[in-house]
Amino acid sequence: MEFQSSYSPKIGLEEIVHAQMHLKDVITRTPLQYNRVLSERYGCNVLLKREDLQIVRSFKIRGAYHLMRSLSSEQLAQGVICASAGNHAQGVAYSCQALGVPGKIYMPSTTPRQKVSQVGFFGGNFVEVILTGDTFDDAYAEAVAESHRSGMTFVHPFDDPKIIAGNGTVGQEIMESAETVPDYVIVTVGGGGLAAGVASYTKAVSPSTKVIGVEPEGAPSLRESLDAGEVLPLEQIDKFVDGAAVKRVGDLTFALCRELLDDVITVPEGKVCTTLLDLYNENAIVAEPAGAVPIAALEQLRDEIAGKTVVCVISGGNNDVDRMQEIKERSLIYEGLKHYFMLSFPQRAGALREFLDDVLGPNDDITRFEYTKKHNKDNGPSLVGIELKHRDDYAPLIERMTKKSIHFVELNKDPVLFNLLI
């Protein structure tokens with residue numbers, strides 16, 4: 001697929017090489033690792049670019065530090081400002097301490113304490129963390145307004161040539177480290193800064209290498225914009241893949257991605273969760289949701305990548321351990337192993353025992369059971385969560401409930417009820 005553009009923006013090789021010179025003493029040159037498990041699973045040669053092993057556990061330091069190193073001494077003395085709920089804040093904070101530059105980091109008031117603490121750790125006495133508003137958009141608006149008032153330079157999370165060039169050093173390291181020229185480079189798309197940077201370098205040195213951008217299904221801001229032919233803000237997004245869930249891609253990143261990417265695809269959030277768990281269980285890799293997105297796309301690309309050399313960029317590893325239960329839940333639901341039902345259940349002695357004996361299969365497990373109304377003497381709605389051992393156990397379960405004349409609503413298939421009750 002080719003995207004047509006009325007003008008051709010460009011981040012040159014010389015700018016990316018210049019960024020690498022800025023970064024060589026402050027970042028980790030992260031490894032490009034062959035992954036046997038994924039290679040055998042998909043019948044190709046899978047290499048992982050491990051930005052989760054970066055000094056701030058994500059690629060974000062690359063763009064932030066390069067931009068700040070490119071500022072004049074007067075601008076540096078004035079200080080910098082950014083808005084972020086996570087990785088970008090840590091990259092800017094680290095750069096502030098490394099360069100001795102004062103910084104203000106605006107974060108939503110809903111940001112987990114662990115992330116706020118990490119920003120303080122990396123920035124030390126050089127940064128001030130300001131919690132404001134409930135969303136990233138609120139924090140962003142406050143940061144931009146303060147930048148105008150104070151004259152401090154605003155460090156954009158993705159839509160800036162210096163940020164994109166810094167991110168392009170990921171592509172440079174991939175191409176320099178690979179023993180053979182990759183056939184595919186697969187990269188997460190959020191605001192588009194990483195994809196634009198990686199594609200800028202990769203396509204310049206190897207036009208035949210296909211660069212695929214991948215978005216979470218619930219936040220396809222680039223895919224929708226490409227289909228519309230212009231930057232199109234999304235009204236609603238699923239924020240689960242927080243490092244890639246943006247309502248609006250950048251203007252510059254949109255133009256670059258339209259020129260350089262060979263395709264942009266989406267993956268379900270549930271598939272991302274399954275991938276996260278597999279990476280941990282099979283490879284002891286702790287990725288964040290956005291970092292697992294390219295690997296989650298391999299199944300969708302299976303036929304296309306067979307026999308090829310494929311690089312997946314794990315963009316970050318800042319995953320909050322408190323989210324693991326939600327990740328497991330989303331994975332089970334996506335894999336067809338976890339189902340929630342609202343049942344019309346007899347409220348009498350022995351009713352639950354009959355359900356267990358006559359409806360539940362030998363390998364099925366009730367993980368949640370609660371009456372939602374108890375004043376009806378005959379029947380009342382009950383919320384029941386059932387975990388299956390195999391996906392194929394679902395049809396027999398439904399058949400047994402129907403045979404038993406149990407009236408039910410499957411909440412997995414009703415997003416409104418699911419979000420309300422689960």
# chains A, B, ... in the order shown; residues from 1 in each chain; ligands from 1
>>> closest_atom_pairs(of="range 134-189 of chain A", to="range 27-36 of chain A", cutoff="12 Å", atoms="only C-alpha atoms", output="JSON lines")
{"residue": "A:Gly166", "atom": "CA", "partner": "A:Ile27", "partner_atom": "CA", "distance": 11.2}
{"residue": "A:Asn167", "atom": "CA", "partner": "A:Ile27", "partner_atom": "CA", "distance": 11.9}
{"residue": "A:Thr169", "atom": "CA", "partner": "A:Arg29", "partner_atom": "CA", "distance": 9.6}
{"residue": "A:Val170", "atom": "CA", "partner": "A:Thr30", "partner_atom": "CA", "distance": 8.7}
{"residue": "A:Gly171", "atom": "CA", "partner": "A:Leu32", "partner_atom": "CA", "distance": 11.0}
{"residue": "A:Gln172", "atom": "CA", "partner": "A:Arg29", "partner_atom": "CA", "distance": 10.6}
{"residue": "A:Glu173", "atom": "CA", "partner": "A:Arg29", "partner_atom": "CA", "distance": 7.5}
{"residue": "A:Ile174", "atom": "CA", "partner": "A:Leu32", "partner_atom": "CA", "distance": 6.8}
{"residue": "A:Met175", "atom": "CA", "partner": "A:Leu32", "partner_atom": "CA", "distance": 9.8}
{"residue": "A:Glu176", "atom": "CA", "partner": "A:Leu32", "partner_atom": "CA", "distance": 9.9}
{"residue": "A:Ser177", "atom": "CA", "partner": "A:Leu32", "partner_atom": "CA", "distance": 6.7}
{"residue": "A:Ala178", "atom": "CA", "partner": "A:Leu32", "partner_atom": "CA", "distance": 7.3}
{"residue": "A:Glu179", "atom": "CA", "partner": "A:Leu32", "partner_atom": "CA", "distance": 10.1}
{"residue": "A:Pro182", "atom": "CA", "partner": "A:Leu32", "partner_atom": "CA", "distance": 11.6}
{"residue": "A:Val185", "atom": "CA", "partner": "A:Leu32", "partner_atom": "CA", "distance": 12.0}
>>> write_last_selection(atoms="all heavy atoms", output="mmCIF file, in the first residue's frame")
data_model
loop_
_atom_site.group_PDB
_atom_site.id
_atom_site.type_symbol
_atom_site.label_atom_id
_atom_site.label_comp_id
_atom_site.auth_asym_id
_atom_site.auth_seq_id
_atom_site.Cartn_x
_atom_site.Cartn_y
_atom_site.Cartn_z
ATOM 1 N N GLY A 166 15.926 12.166 17.013
ATOM 2 C CA GLY A 166 16.440 11.388 18.140
ATOM 3 C C GLY A 166 15.887 9.979 18.138
ATOM 4 O O GLY A 166 16.607 8.994 18.354
ATOM 5 N N ASN A 167 14.586 9.861 17.874
ATOM 6 C CA ASN A 167 13.973 8.535 17.778
ATOM 7 C C ASN A 167 14.537 7.741 16.611
ATOM 8 O O ASN A 167 14.586 6.503 16.646
ATOM 9 C CB ASN A 167 12.461 8.667 17.614
ATOM 10 C CG ASN A 167 11.788 9.316 18.804
ATOM 11 O OD1 ASN A 167 12.347 9.343 19.893
ATOM 12 N ND2 ASN A 167 10.593 9.837 18.600
ATOM 13 N N THR A 169 17.444 7.314 15.832
ATOM 14 C CA THR A 169 18.654 6.566 16.193
ATOM 15 C C THR A 169 18.331 5.117 16.532
ATOM 16 O O THR A 169 19.218 4.258 16.472
ATOM 17 C CB THR A 169 19.380 7.228 17.382
ATOM 18 O OG1 THR A 169 18.519 7.259 18.535
ATOM 19 C CG2 THR A 169 19.797 8.661 17.029
ATOM 20 N N VAL A 170 17.073 4.833 16.869
ATOM 21 C CA VAL A 170 16.665 3.434 17.045
ATOM 22 C C VAL A 170 16.817 2.698 15.719
ATOM 23 O O VAL A 170 17.355 1.586 15.657
ATOM 24 C CB VAL A 170 15.206 3.334 17.544
ATOM 25 C CG1 VAL A 170 14.741 1.881 17.592
ATOM 26 C CG2 VAL A 170 15.069 3.965 18.927
ATOM 27 N N GLY A 171 16.360 3.328 14.647
ATOM 28 C CA GLY A 171 16.511 2.736 13.322
ATOM 29 C C GLY A 171 17.965 2.588 12.921
ATOM 30 O O GLY A 171 18.365 1.580 12.324
ATOM 31 N N GLN A 172 18.774 3.593 13.248
ATOM 32 C CA GLN A 172 20.200 3.526 12.927
ATOM 33 C C GLN A 172 20.860 2.332 13.623
ATOM 34 O O GLN A 172 21.611 1.571 12.996
ATOM 35 C CB GLN A 172 20.897 4.821 13.345
ATOM 36 C CG GLN A 172 22.393 4.832 13.026
ATOM 37 C CD GLN A 172 23.074 6.122 13.485
ATOM 38 O OE1 GLN A 172 22.433 7.029 13.991
ATOM 39 N NE2 GLN A 172 24.382 6.183 13.317
ATOM 40 N N GLU A 173 20.563 2.154 14.885
ATOM 41 C CA GLU A 173 21.162 1.041 15.626
ATOM 42 C C GLU A 173 20.688 -0.310 15.089
ATOM 43 O O GLU A 173 21.461 -1.274 15.038
ATOM 44 C CB GLU A 173 20.835 1.168 17.109
ATOM 45 C CG GLU A 173 21.549 2.334 17.787
ATOM 46 C CD GLU A 173 21.191 2.453 19.262
ATOM 47 O OE1 GLU A 173 20.591 1.508 19.818
ATOM 48 O OE2 GLU A 173 21.508 3.500 19.869
ATOM 49 N N ILE A 174 19.421 -0.384 14.686
ATOM 50 C CA ILE A 174 18.916 -1.633 14.104
ATOM 51 C C ILE A 174 19.702 -1.991 12.852
ATOM 52 O O ILE A 174 20.194 -3.121 12.698
ATOM 53 C CB ILE A 174 17.415 -1.505 13.765
ATOM 54 C CG1 ILE A 174 16.570 -1.479 15.042
ATOM 55 C CG2 ILE A 174 16.959 -2.655 12.855
ATOM 56 C CD1 ILE A 174 15.117 -1.132 14.808
ATOM 57 N N MET A 175 19.835 -1.035 11.953
ATOM 58 C CA MET A 175 20.484 -1.318 10.670
ATOM 59 C C MET A 175 21.972 -1.584 10.833
ATOM 60 O O MET A 175 22.561 -2.369 10.082
ATOM 61 C CB MET A 175 20.238 -0.159 9.695
ATOM 62 C CG MET A 175 18.760 0.120 9.423
ATOM 63 S SD MET A 175 17.802 -1.323 8.885
ATOM 64 C CE MET A 175 18.423 -1.509 7.203
ATOM 65 N N GLU A 176 22.596 -0.951 11.813
ATOM 66 C CA GLU A 176 24.020 -1.186 12.055
ATOM 67 C C GLU A 176 24.278 -2.512 12.762
ATOM 68 O O GLU A 176 25.339 -3.117 12.579
ATOM 69 C CB GLU A 176 24.608 -0.035 12.878
ATOM 70 C CG GLU A 176 24.698 1.277 12.121
ATOM 71 C CD GLU A 176 25.202 2.425 12.981
ATOM 72 O OE1 GLU A 176 25.316 2.266 14.213
ATOM 73 O OE2 GLU A 176 25.479 3.501 12.409
ATOM 74 N N SER A 177 23.311 -2.972 13.559
ATOM 75 C CA SER A 177 23.511 -4.195 14.335
ATOM 76 C C SER A 177 23.071 -5.451 13.600
ATOM 77 O O SER A 177 23.552 -6.551 13.911
ATOM 78 C CB SER A 177 22.736 -4.103 15.663
ATOM 79 O OG SER A 177 23.163 -3.005 16.435
ATOM 80 N N ALA A 178 22.154 -5.327 12.667
ATOM 81 C CA ALA A 178 21.622 -6.504 11.977
ATOM 82 C C ALA A 178 22.692 -7.151 11.095
ATOM 83 O O ALA A 178 23.399 -6.463 10.360
ATOM 84 C CB ALA A 178 20.413 -6.108 11.133
ATOM 85 N N GLU A 179 22.804 -8.468 11.186
ATOM 86 C CA GLU A 179 23.788 -9.188 10.362
ATOM 87 C C GLU A 179 23.362 -9.228 8.902
ATOM 88 O O GLU A 179 24.212 -9.275 8.003
ATOM 89 C CB GLU A 179 23.970 -10.608 10.906
ATOM 90 C CG GLU A 179 24.594 -10.646 12.305
ATOM 91 C CD GLU A 179 24.805 -12.058 12.804
ATOM 92 O OE1 GLU A 179 24.488 -13.018 12.049
ATOM 93 O OE2 GLU A 179 25.265 -12.226 13.947
ATOM 94 N N PRO A 182 17.201 -6.316 7.329
ATOM 95 C CA PRO A 182 15.854 -6.794 7.686
ATOM 96 C C PRO A 182 14.882 -6.636 6.523
ATOM 97 O O PRO A 182 14.938 -5.665 5.771
ATOM 98 C CB PRO A 182 15.453 -5.883 8.856
ATOM 99 C CG PRO A 182 16.734 -5.315 9.384
ATOM 100 C CD PRO A 182 17.634 -5.195 8.190
ATOM 101 N N VAL A 185 10.599 -4.092 9.454
ATOM 102 C CA VAL A 185 10.756 -3.470 10.768
ATOM 103 C C VAL A 185 9.356 -3.076 11.211
ATOM 104 O O VAL A 185 8.648 -2.363 10.503
ATOM 105 C CB VAL A 185 11.680 -2.235 10.724
ATOM 106 C CG1 VAL A 185 11.697 -1.545 12.090
ATOM 107 C CG2 VAL A 185 13.095 -2.637 10.320
#
>>> residues_around(residues="range 225-234 of chain A", least_positions_apart="3", cutoff="8 Å", atoms="only C-alpha atoms", output="list in words")
Phe3, Ala219, Ser221, Leu222, Ile237, Lys247, Arg248, Val249, Gly250, Asp251, Phe254 and Arg258 of chain A
>>> closest_residue(among="A:Arg69, A:His88, A:His22, A:Lys60", to="Lys115 in chain A", atoms="only C-alpha atoms")
A:His88
>>> closest_residue(among="A:Cys44, A:Ala290, A:Leu23, A:Ala141", to="Asn87 in chain A", atoms="only C-alpha atoms")
A:Ala290
>>> select_by_dssp(residues="range 234-364 of chain A", states="strand (DSSP E or B)", output="list of chain:residue names")
A:Asp263, A:Val264, A:Ile265, A:Thr266, A:Val267, A:Thr309, A:Val310, A:Val311, A:Cys312, A:Val313, A:Ile314, A:Gly316, A:Lys338, A:His339, A:Tyr340, A:Phe341, A:Met342, A:Leu343, A:Ser344, A:Phe345, A:Pro346
